Amino acid sequence: MDSKTIAYIIKRVILAIVTIWVVMTVTFFVMHFVPGGPFTSEKATSPSVQAAMEAKYGLDKPLLEQYGTYMKDIITKFDFGPSIKQKGRTVVDIIGDGLRTSVKLGVIAAVWGTIVGIILGAIAALKRNTVIDRIIMVISTAFISMPGYIVGSLLLLIVAVKLHWVPANGTTAAGLILPVITLGLSPMANFVRLTRSSMLDVLGQDYIRTARAKGVSGTRIIFGHALKNALIPDITYFGPMLAYIVTGSLIVEQIFSVPGIGRAFVSSIINRDYPMVMGTTIVLSVLIVIMTLVSDILYKVVDPRIDFS
Amino acid sequence: MKPFDNKTPFNLQVNMDNFLPASAEDKAYMVQMRPSTTFFRDGVKRLLKNKVATVSMFVIVIIALAAIFIPMFWPYAYEAQLGNQPGKPVDNSYANLRPFEYGKTEQAKIEAGEKVFPHVFGTDSAGRDYFIRIVYGTRISLAVGFFASIIVLIIGFVIGSISGYFGGKVDMVIMRIVDVYYSLPDMLMIILLAAVMRQTLAQALVGTALEKLGSNMISLFIVFSILYWVSMARQIRGQILALKEQEYVLAARTAGAKGKWIIMKHLFPNCIGIMVVYTALQIPSAIFTESYLSFLGLGVNAPMPSLGSLTSDALNGISSYGYRLVIPAVVISLIVLSLNLFGDGLRDAFDPKLNS
C-alpha cells in the first residue's frame, strides 16, 4: 500500500466517524424537538418507564447535558434505554430480536442477488447485442425503476394470494421465500448492469486479446482473466446494496408480516416509541456507514489504479 | 486612375477594387443558407429524435393532464363517502363496490330511468369512488415530485454556485459538508425527520393557510429540501468551476464586470441545461421517496390519497380486491419509468458532454 492509499483510508475513516456522529446528534436533537419531549405520549406511559427515562436522560437538566449522557451511554454501554410501548424490555433487546430475522433475510437476499446478478451480467456481456442480452437488460431496468414495495405487493398478490404457492405470512420458513426474492431483485438488477458494463470494458482490453492469441481456451479467458477483473467495480455496490436492503426490509417486512427489525421500526414510528426509533435509526445507520466504508476501502485496496480525488 | 500595382510588395497604394459596392453575386454569397440554430433548439431536435424519450414525454403529459383536469368534472369527490349522507343512516351497500357496480340508492335511480355516473374502478372499503382517488393520488404524487424538485433546484443552485464561484475555503467547507451528506443513510434520515416533523408541524400549523396542505405534505417538502440538495449542488459547482475558467468570463472580468453580473449573465445561462436535466431526473426520485413514505404511513395526511398510501391500503383487502393494488401499482410504475426515461433523454439531448 502506498502513502496515497493510506491517506485515502484515513480520510474515509474520519468521514465515517463524522457521519456516525452526525447521525447520532441529528437523531437526538430531532427527537427533542417533538412537542412535549420525546418520552411523553398521549397514551399513558407506565410510570416506571417514565421514571426510568427521566432518571436516565435527566429531562430537567439542560439540553447539552442530556446530550452528553445520551452519547456516553451509547458509546460506552451501547444503551438506548427502555422501550416506551413494550413494557419491561429495553430497546437493545427488541433490536437484537428483530435483527436475527432481518439479518437472515438480508444476507440470503444479498447473496442470491449478487450471484445471479453477476452471472446474468456476464452472460449479457458475452452475448452482447443478442436477444438474450436484450431480455436480461430489459428485466434489470424494470426491476431498478420499479419501487420495491410495488414488486413486493404484486408478488404477494400473484404468488401467495392467487396461486397459493407460498403462505402470505412471513413468520414461517416457506413464508420467507417471497420476502427474500423481493429484497434481492433490485441488487440483482444493479449487479447485472454493473457486471455487464465492466465485463464489456474488460473484454476489449489488450490482455484478453493477448490471451486469445496465445490460444488460451474460451472458458479460461472468461473465468481466469475477464470475470476476475470485471468483478472489481462490483465491490463499490456492496455499501449501497446494504443501504437498499435495510430500507427495503422496512417495507418488505411490512408487506409480508416478517417479525424483523424493519417492522419493529415502522411500528415504533407509528406508535411514537421514540427511544426505539432513536435506537433503530442509529444501529441501522452505523451498519450502513461501516459497510460503505469497508466496500470503498476494499475497492481501493483491490484496485490501486483507482483515483478518488 | 492608375491600375493597382500588385507587383511591388511595399507600395502604399490602396486597391480601390476592395471598396466597390457589393454586386448581387457577392450579396447572394453572404445570405444565410439556413437560420442559425440555438443550443436550446438543437437540444429539442435531439430530444424529439429520441423515440423512447418522446413516447415517455407523451405518457407523462397525458397522465399529468388527466390528474389536473379529471377532478374538475368528475361527479365524485376523493374524500366523499358515498354511503354516508347527512341525516341518513350509513348505507353499507356503497362500500367495496366492484368496477361498474352501483349502491342501493343508485340502483333505484337507474331503475327509475335516471343516469348515474359509473364507478369505473368501484369504491373502497369506506365507500369512496376509487377512480377519483387514483386520479387524486396521482395528482398528489406528481405535485410533490415537481415542487420538491423545484425546491431542491433552488437550494442546490444557490449553494453550488456559491461553492463553485468563490472557491477556496468556502468551497472546501461546503464540499466537506456535502461529503458527510453523501455518506448519510438518507432514507433512514428521511424517515426519522418525516416521523418527527409531522408531529411538530401539526401543532405549529393550526390556523395558518398551510393547514389545508397538511403537516405531512409540508414535512415532506422540508425533508426533501434538507436532504436532496447535495447532488444538485455538486453538479452546479462542477459546472461553475469549469465555466469560470472560460475566456469569456476572463474577458468580462477584464472589462470590469462585477461578480453579480458575471453570475447572472455568463454563468447562470450556461448552467440552465444541467439544471433542467437534473431537476427532471430528481422528480421521479422524489415521487419514489414520497410513495415509499406514504406506503409506510408517513406520507400525506388521510383522507388525502397518494399512490403509495393507496397501495398500502389495498394490501388489507388483497385477497378479494386485488385490482385495487394493481391499479396504483401500474400508475406509479408508469410514472416513475417514463419520467426516468424522459430524464435520460433530456440528459442525452441537453448535456452531450456527459453522454460521451
# chains A, B, ... in the order shown; residues from 1 in each chain; ligands from 1
$ residues_around --residues "segment 180-184 of chain B" --least-positions-apart "6" --cutoff "7 Å" --atoms "only C-alpha atoms" --output "PyMOL selection string"
chain A and resi 15+19+289
$ interface_residues --of "chain B" --to "chain A" --cutoff "7 Å" --atoms "only C-alpha atoms" --output "PDB file with C-alpha atoms, in the first residue's frame"
ATOM      1  CA  VAL B 180     -20.910  13.878   5.027  1.00  0.00           C
ATOM      2  CA  SER B 183     -22.391   9.136   3.383  1.00  0.00           C
ATOM      3  CA  LEU B 184     -25.537   9.653   5.476  1.00  0.00           C
ATOM      4  CA  PRO B 185     -28.048   6.823   5.150  1.00  0.00           C
ATOM      5  CA  MET B 187     -33.667   7.001   3.645  1.00  0.00           C
ATOM      6  CA  LEU B 188     -33.355   6.447   7.391  1.00  0.00           C
ATOM      7  CA  ALA B 195     -41.858  10.883  11.522  1.00  0.00           C
ATOM      8  CA  VAL B 196     -40.919  13.682  13.885  1.00  0.00           C
ATOM      9  CA  GLN B 199     -45.900  15.765  14.872  1.00  0.00           C
ATOM     10  CA  THR B 200     -44.106  19.039  15.369  1.00  0.00           C
ATOM     11  CA  PHE B 288     -40.391   7.389  -5.428  1.00  0.00           C
ATOM     12  CA  LEU B 296     -45.107   3.285   5.431  1.00  0.00           C
ATOM     13  CA  ILE B 318     -55.729  -8.094  -1.147  1.00  0.00           C
ATOM     14  CA  SER B 319     -57.464 -11.490  -1.276  1.00  0.00           C
ATOM     15  CA  GLY B 322     -56.516  -7.469  -5.941  1.00  0.00           C
ATOM     16  CA  ALA B 329     -49.014  -0.073  -8.808  1.00  0.00           C
ATOM     17  CA  SER B 333     -44.559   2.338 -12.199  1.00  0.00           C
ATOM     18  CA  VAL B 336     -41.546   6.643 -12.474  1.00  0.00           C
ATOM     19  CA  LEU B 337     -40.415   4.694 -15.522  1.00  0.00           C
TER      20      LEU B 337
END
$ residues_around --residues "Ile75 of chain A" --least-positions-apart "4" --cutoff "12 Å" --atoms "only C-alpha atoms" --output "list in words"
Ile20, Trp21, Met24, Gly68, Thr69, Tyr70, Met71, Asp79, Phe80, Ile282, Val283 and Val286 of chain A
$ residues_around --residues "Glu111 of chain B" --least-positions-apart "6" --cutoff "12 Å" --atoms "only C-alpha atoms" --output "PDB file with C-alpha atoms, in the first residue's frame"
ATOM      1  CA  TYR B 102     -73.785   0.662  -8.028  1.00  0.00           C
ATOM      2  CA  LYS B 104     -78.636   0.668  -3.457  1.00  0.00           C
ATOM      3  CA  THR B 105     -79.956   4.187  -3.970  1.00  0.00           C
TER       4      THR B 105
END
$ atom_distance --atom1 "atom CA of Leu97 of chain B" --atom2 "atom CA of Lys109 of chain B"
16.7 Å
